[in-house]
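This is entry.cif. It holds mmCIF, C-alpha atoms and all ligand atoms.
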```
data_model
#
loop_
_atom_site.label_atom_id
_atom_site.label_comp_id
_atom_site.auth_asym_id
_atom_site.auth_seq_id
_atom_site.Cartn_x
_atom_site.Cartn_y
_atom_site.Cartn_z
CA MET D 1 126.78 73.93 94.38
CA SER D 2 125.04 77.14 95.04
CA ASP D 3 123.70 78.12 98.47
CA SER D 4 120.02 78.06 99.25
CA THR D 5 118.50 81.47 99.02
CA TRP D 6 116.08 83.12 101.39
CA ILE D 7 114.18 86.10 99.99
CA SER D 8 112.93 89.08 101.95
CA ILE D 9 111.59 92.58 101.44
CA ASP D 10 112.52 95.62 103.52
CA PHE D 11 109.64 97.95 104.27
CA ASP D 12 111.35 101.36 104.16
CA ASP D 13 109.40 104.42 103.13
CA LEU D 14 111.24 107.42 101.65
CA ARG D 15 111.34 109.19 105.02
CA HIS D 16 113.29 106.22 106.49
CA LEU D 17 116.15 106.30 103.98
CA PRO D 18 119.54 107.30 105.44
CA LYS D 19 119.63 110.41 103.22
CA HIS D 20 116.50 111.64 105.04
CA SER D 21 116.81 110.29 108.59
CA GLY D 22 118.70 108.22 111.14
CA HIS D 23 122.30 108.80 110.07
CA PRO D 24 124.76 111.32 111.60
CA THR D 25 126.25 112.48 108.29
CA ARG D 26 124.22 111.01 105.42
CA SER D 27 120.87 112.46 106.59
CA LYS D 28 120.62 115.93 105.11
CA LYS D 29 117.01 116.89 105.56
CA PRO D 30 113.77 115.07 106.28
CA HIS D 31 111.79 113.88 103.28
CA LYS D 32 109.39 116.64 102.27
CA THR D 33 106.21 114.59 102.75
CA SER D 34 107.43 113.38 106.10
CA VAL D 35 104.49 113.96 108.32
CA GLU D 36 105.26 111.04 110.62
CA LYS D 37 102.15 109.02 109.93
CA GLU D 38 101.91 109.66 106.21
CA LEU D 39 102.86 107.07 103.59
CA SER D 40 104.55 108.45 100.47
CA GLY D 41 102.84 108.04 97.09
CA ASP D 42 105.67 105.72 96.00
CA PHE D 43 105.15 103.54 99.05
CA GLN D 44 101.42 103.29 98.44
CA ARG D 45 101.98 102.37 94.78
CA GLY D 46 104.56 99.85 95.99
CA MET D 47 101.95 98.27 98.28
CA VAL D 48 99.54 97.74 95.37
CA ALA D 49 102.27 96.35 93.10
CA LEU D 50 103.65 94.07 95.83
CA GLU D 51 100.18 92.63 96.31
CA ARG D 52 100.02 91.93 92.57
CA TRP D 53 103.45 90.28 92.72
CA LEU D 54 102.35 88.05 95.63
CA ASN D 55 99.40 86.92 93.54
CA SER D 56 101.70 86.02 90.63
CA ASN D 57 103.92 83.42 92.35
CA ASP D 58 104.29 81.06 95.32
CA TYR D 59 107.60 82.18 96.82
CA PRO D 60 107.77 82.13 100.61
CA VAL D 61 108.97 85.58 101.64
CA THR D 62 109.87 87.49 104.79
CA PHE D 63 108.89 91.12 105.32
CA PHE D 64 111.32 93.15 107.44
CA ILE D 65 109.11 95.86 108.86
CA ILE D 66 109.94 99.15 110.58
CA ALA D 67 107.61 99.36 113.58
CA ASP D 68 106.78 103.06 113.21
CA LEU D 69 104.83 102.24 110.01
CA PHE D 70 102.00 101.01 112.24
CA GLU D 71 101.32 104.63 113.21
CA ASN D 72 99.49 104.69 109.88
CA SER D 73 96.15 102.88 109.96
CA THR D 74 95.97 102.40 106.16
CA PHE D 75 99.24 100.50 106.35
CA THR D 76 98.13 98.44 109.35
CA THR D 77 94.84 97.42 107.73
CA TRP D 78 96.55 96.57 104.44
CA LEU D 79 99.33 94.54 106.06
CA GLN D 80 96.96 92.54 108.22
CA ALA D 81 94.85 91.67 105.17
CA ILE D 82 97.99 90.60 103.27
CA ILE D 83 99.17 88.48 106.19
CA SER D 84 95.85 86.71 106.46
CA GLN D 85 95.54 86.17 102.70
CA PHE D 86 99.09 84.79 102.34
CA SER D 87 99.47 83.48 105.86
CA GLN D 88 101.27 80.24 104.89
CA ARG D 89 104.12 81.95 103.03
CA ILE D 90 104.69 85.25 104.80
CA THR D 91 106.87 85.66 107.85
CA ILE D 92 107.68 88.94 109.55
CA GLY D 93 111.03 90.14 110.88
CA ASN D 94 112.09 93.23 112.83
CA HIS D 95 113.67 96.12 110.87
CA GLY D 96 113.83 98.52 113.82
CA LEU D 97 111.53 100.96 115.58
CA SER D 98 112.59 103.79 113.27
CA HIS D 99 115.35 103.44 110.69
CA ARG D 100 118.24 104.62 112.84
CA SER D 101 121.66 103.58 111.49
CA TRP D 102 122.83 102.44 114.93
CA SER D 103 126.46 101.59 114.22
CA ALA D 104 127.07 104.92 112.47
CA TRP D 105 126.49 106.63 115.84
CA PRO D 106 128.52 106.23 119.04
CA GLU D 107 127.75 103.01 120.94
CA ASP D 108 124.36 103.32 122.66
CA ILE D 109 123.41 100.06 124.36
CA ALA D 110 120.49 101.48 126.37
CA GLY D 111 118.99 103.31 123.39
CA PHE D 112 119.29 100.30 121.11
CA GLU D 113 117.73 97.96 123.66
CA GLN D 114 114.85 100.32 124.36
CA ALA D 115 114.06 100.63 120.63
CA LEU D 116 114.29 96.86 120.22
CA ILE D 117 111.86 96.18 123.07
CA GLU D 118 109.40 98.77 121.81
CA SER D 119 109.55 97.56 118.19
CA ASN D 120 109.06 93.95 119.34
CA ARG D 121 106.00 94.97 121.32
CA ILE D 122 104.46 96.74 118.32
CA LEU D 123 105.24 93.97 115.83
CA GLN D 124 103.87 91.37 118.24
CA GLN D 125 100.67 93.36 118.56
CA TYR D 126 100.06 93.66 114.81
CA CYS D 127 101.70 90.60 113.25
CA GLY D 128 101.04 87.94 115.91
CA PRO D 129 101.92 84.38 114.89
CA ASN D 130 103.66 85.36 111.64
CA LEU D 131 106.33 87.27 113.57
CA ARG D 132 109.70 85.57 113.97
CA PRO D 133 112.66 86.51 116.21
CA TRP D 134 114.62 87.66 113.17
CA PHE D 135 116.43 91.00 112.89
CA ARG D 136 117.76 93.13 110.06
CA ALA D 137 119.63 96.28 111.10
CA PRO D 138 118.28 99.47 109.50
CA ALA D 139 120.38 100.26 106.40
CA GLY D 140 122.61 97.29 107.32
CA TYR D 141 124.42 99.20 110.08
CA ILE D 142 125.39 96.45 112.53
CA ALA D 143 128.28 96.45 115.01
CA PRO D 144 129.52 93.81 117.48
CA TRP D 145 128.23 95.80 120.50
CA MET D 146 124.65 95.32 119.25
CA VAL D 147 124.84 91.52 119.17
CA PRO D 148 124.55 90.64 122.90
CA ILE D 149 121.47 92.90 123.09
CA LEU D 150 119.84 90.99 120.23
CA ALA D 151 120.58 87.71 122.03
CA LYS D 152 119.29 89.01 125.36
CA ASN D 153 116.02 89.98 123.67
CA GLY D 154 115.45 86.56 122.17
CA PHE D 155 116.59 87.04 118.57
CA GLU D 156 117.58 83.79 116.86
CA VAL D 157 118.43 85.02 113.37
CA ASP D 158 120.21 88.12 112.16
CA SER D 159 120.36 89.15 108.51
CA SER D 160 122.29 92.42 108.53
CA VAL D 161 125.71 91.36 107.28
CA ASN D 162 126.57 92.44 103.74
CA PRO D 163 130.06 90.91 103.60
CA SER D 164 131.46 93.18 100.94
CA TRP D 165 134.75 95.01 101.53
CA LEU D 166 133.08 98.11 100.08
CA LEU D 167 130.76 98.36 103.09
CA LYS D 168 132.82 97.23 106.06
CA ARG D 169 132.66 100.73 107.55
CA LYS D 170 129.06 99.89 108.48
CA THR D 171 130.31 97.60 111.25
CA GLY D 172 131.48 100.50 113.44
CA LYS D 173 134.99 101.09 114.70
CA ASP D 174 136.33 97.58 113.99
CA LYS D 175 135.46 97.76 110.28
CA SER D 176 135.22 93.98 110.13
CA TRP D 177 132.37 91.77 108.99
CA SER D 178 134.05 88.66 110.37
CA LYS D 179 134.05 90.23 113.84
CA VAL D 180 130.27 90.71 113.61
CA ILE D 181 129.80 87.14 112.35
CA ASP D 182 131.99 85.71 115.17
CA CYS D 183 130.03 87.71 117.71
CA MET D 184 126.72 86.33 116.37
CA LYS D 185 128.08 82.80 116.70
CA GLN D 186 129.29 83.38 120.26
CA ASN D 187 125.86 84.71 121.19
CA GLY D 188 123.95 81.82 119.62
CA ILE D 189 122.45 83.84 116.76
CA ARG D 190 122.33 82.37 113.27
CA GLU D 191 123.68 84.90 110.78
CA ILE D 192 122.20 84.78 107.31
CA ALA D 193 124.46 87.09 105.38
CA TRP D 194 123.46 88.88 102.20
CA LYS D 195 124.58 87.18 99.07
CA THR D 196 127.54 88.83 97.28
CA LYS D 197 129.44 88.13 94.06
CA TRP D 198 133.21 88.66 93.91
CA SER D 199 132.76 90.42 97.25
CA LEU D 200 130.50 92.98 95.56
CA PRO D 201 126.99 93.82 96.81
CA ILE D 202 124.10 92.40 94.75
CA ASN D 203 121.20 93.22 97.09
CA GLY D 204 118.88 96.12 97.84
CA PRO D 205 120.22 99.34 96.27
CA ALA D 206 122.74 97.35 94.17
CA LEU D 207 119.80 96.13 92.07
CA HIS D 208 119.62 99.63 90.58
CA ILE D 209 123.29 100.66 90.31
CA PRO D 210 124.91 100.33 86.86
CA ILE D 211 127.28 97.32 86.53
CA LEU D 212 126.23 95.95 89.94
CA LYS D 213 122.71 95.51 88.65
CA THR D 214 123.92 93.43 85.71
CA ILE D 215 125.90 91.18 88.06
CA ALA D 216 122.98 91.05 90.50
CA LYS D 217 120.42 90.05 87.89
CA ARG D 218 122.51 87.12 86.70
CA GLU D 219 123.15 85.91 90.26
CA TRP D 220 119.51 86.27 91.30
CA LYS D 221 118.38 84.21 88.32
CA ASN D 222 120.75 81.42 89.40
CA SER D 223 119.61 81.38 93.02
CA PRO D 224 117.15 78.65 94.02
CA VAL D 225 114.76 80.01 96.65
CA VAL D 226 114.20 77.92 99.81
CA ASP D 227 110.70 76.59 100.45
CA CYS D 228 110.58 77.69 104.05
CA LEU D 229 113.17 79.37 106.24
CA ASP D 230 111.68 77.83 109.40
CA ASP D 231 112.50 74.33 108.05
CA CYS D 232 115.87 75.39 106.68
CA LEU D 233 116.94 76.72 110.04
CA LYS D 234 116.51 73.27 111.55
CA SER D 235 119.15 71.92 109.18
CA ASN D 236 122.73 73.03 108.76
CA LYS D 237 122.15 73.99 105.17
CA GLN D 238 124.14 76.96 103.92
CA ILE D 239 121.70 79.85 103.39
CA THR D 240 122.27 83.34 102.05
CA ALA D 241 119.86 86.25 101.77
CA LEU D 242 118.53 88.13 98.78
CA TYR D 243 116.38 91.15 99.47
CA TRP D 244 114.75 94.11 97.82
CA HIS D 245 112.62 97.02 99.00
CA LEU D 246 108.87 97.46 98.90
CA LEU D 247 109.58 100.82 97.24
CA ASP D 248 111.21 98.96 94.33
CA HIS D 249 107.75 97.74 93.33
CA SER D 250 106.82 101.36 92.51
CA ARG D 251 109.62 101.59 89.90
CA ASN D 252 109.00 101.66 86.14
CA GLU D 253 105.44 102.79 86.67
CA ALA D 254 104.93 100.01 89.19
CA THR D 255 105.86 97.23 86.76
CA TRP D 256 109.18 96.30 88.42
CA SER D 257 109.59 92.82 89.86
CA PRO D 258 112.58 91.06 91.46
CA PRO D 259 114.76 89.18 88.92
CA LEU D 260 114.17 85.73 90.41
CA GLN D 261 114.20 82.39 88.56
ZN ZN D 301 115.90 99.52 105.56
#
```

Show me, as structure tokens, the structure contained in the file I just sent.
Amino acid sequence: MSDSTWISIDFDDLRHLPKHSGHPTRSKKPHKTSVEKELSGDFQRGMVALERWLNSNDYPVTFFIIADLFENSTFTTWLQAIISQFSQRITIGNHGLSHRSWSAWPEDIAGFEQALIESNRILQQYCGPNLRPWFRAPAGYIAPWMVPILAKNGFEVDSSVNPSWLLKRKTGKDKSWSKVIDCMKQNGIREIAWKTKWSLPINGPALHIPILKTIAKREWKNSPVVDCLDDCLKSNKQITALYWHLLDHSRNEATWSPPLQ
């Protein structure tokens, strides 16, 4: 039997992507429209298309939001309207203060904790009761040293693990997903790993990479979406995560939608 599937959307703008910021070697230069508070055209088109998608179905969905987006008042106003319109089915998780790829840098406990506290404060301020103590590491860069800090700051769910051998370097020096998962367990955090197929990624960017996208589409179509993660967490049901990006909604002249059932 297949696992239950929890769906979520990562709110990264172009300036947040590792090729533009937050990574010691992958970040070449800042995105050219990257005035800190500005939203890119793609992101704004994605907002409109996401709203249309929300109106077309009843899926419960979690938004993983990067706290620095709230520096933009257009975004803040839009998000708050969306939350109030779809209040029963939208939950909010923490996707960092900026989009720093923490485990690609040397261990920095103080810096990570400071960013976590600040992002929690901002998300609490703008998302109120829809916010949950759920974390997704920016760009999926999670290492064991980050886990006790998540626990100390009240996080109950983590969804950063993409248990594909292709990506184990993202876990820092140990290069081991199972080490991260063990660490979550020891610290009382429920890990909801990203769904894979044959140990290949089928989430996020994989939705647009040749071959992987064919595998992903078939798997997504066969994944029953859970009614409510809050309820699911109370049971011991096996859950895996499927996610895409808000920016995806701007693809194909803003006609793209996730390949769900
Ligand atoms: Zn991200």

Extract, using all atoms listed in the file, all DNA, RNA and protein residues at most 10 Å from Phe63 in chain D, discarding same-chain residues fewer than 2 positions from it, and format them as a list of chain:residue names.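 Final neighbour list, sorted by chain and number: D:Ile7, D:Ser8, D:Ile9, D:Asp10, D:Phe11, D:Val61, D:Ile65, D:Ile66, D:Ile90, D:Thr91, D:Ile92, D:Gly93, D:Asn94, D:His95, D:Leu131, D:Tyr243, D:Trp244, D:His245, D:Leu246.
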
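For Asp108 in chain D, the non-local neighbours within 9 Å, defined as residues at least 4 positions apart in the same chain or in other chains and counting all atoms listed in the file, are Trp102, Ser103, Phe112, Glu113, Trp145 and Met146 of chain D.
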
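Of the listed residues D:Ser176, D:Gln85, D:Asn236, D:Asn153, the one whose atoms come nearest to Leu116 in chain D is D:Asn153, with distances taken using all atoms listed in the file.
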
What does the structure give for the distance between CA of Lys28 in chain D and CA of Met47 in chain D, in Å to one decimal? 26.6 Å

For Ser159 in chain D, please output as a VMD selection string all residues within 8 Å (counting all atoms listed in the file; exclusion window: fewer than 2 positions along the same chain). chain D and resid 134 to 137 157 161 191 to 194 241

Within 9 Å of (117.2, 105.1, 115.5) in the file's own coordinates, which protein, DNA or RNA residues have an atom, counting only C-alpha atoms? List them as JSON, numbers by chain. {"D": [21, 22, 23, 96, 97, 98, 99, 100, 101, 102, 111, 112, 115, 138]}

Residue with smallest distance to ligand ZN 301 (chain D) - pool D:Leu247, D:Thr77, D:Ile117, D:Pro106, counting all atoms listed in the file: D:Leu247

Interatomic distance between CA of Phe70 in chain D and CA of His20 in chain D?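 Atom-to-atom, CA of Phe70 in chain D to CA of His20 in chain D, that is 19.4 Å.
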
Could you tell me, as a VMD selection string, which residues have any atom at most 10 Å from (122.8, 93.7, 90.2), counting only C-alpha atoms? chain D and resid 196 to 197 200 to 220 259

Counting all atoms listed in the file, the residue of D:Asp58, D:Glu118, D:Asp158, D:Glu71 that sits nearest Ile181 in chain D: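 Looking only at the distances to Ile181 in chain D, the closest residue turns out to be D:Asp158.
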
Residue with the minimum atom-to-atom distance to ligand ZN 301 (chain D), picked from D:Ser160, D:Thr171, D:Gln186, D:Asn57 with all atoms listed in the file counted, is D:Ser160

Select, from D:Lys185, D:Arg45, D:Arg190, D:Arg169, the residue with the minimum atom-to-atom distance to Leu233 in chain D, counting all atoms listed in the file.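 Under the stated criterion, the closest residue is D:Arg190.
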
With distances taken over all atoms listed in the file, the candidate from D:Phe64, D:Ser73, D:Gly172, D:Asn162 nearest Ser119 in chain D is D:Phe64

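The spacing separating CA of Gln124 in chain D from CA of Ala81 in chain D amounts to 15.9 Å.
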
Need the axis-aligned box for range 150-168 of chain D with 8 Å each side, so what are the centre and edges in Å to one decimal, as AutoDock Vina command-line options?
```
--center_x 125.1 --center_y 91.1 --center_z 112.7 --size_x 35.3 --size_y 30.6 --size_z 41.3
```

Nearby residues (only C-alpha atoms) at most 10 Å from Glu253 in chain D, same-chain spacing under 3 positions excluded, as a CSV table (one decimal) with C-alpha atoms, keeping the file's coordinate frame:
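Contents of the output file out.csv:
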```
chain,number,residue,atom,x,y,z
D,42,ASP,CA,105.7,105.7,96.0
D,45,ARG,CA,102.0,102.4,94.8
D,46,GLY,CA,104.6,99.8,96.0
D,49,ALA,CA,102.3,96.4,93.1
D,249,HIS,CA,107.8,97.7,93.3
D,250,SER,CA,106.8,101.4,92.5
D,256,TRP,CA,109.2,96.3,88.4
```
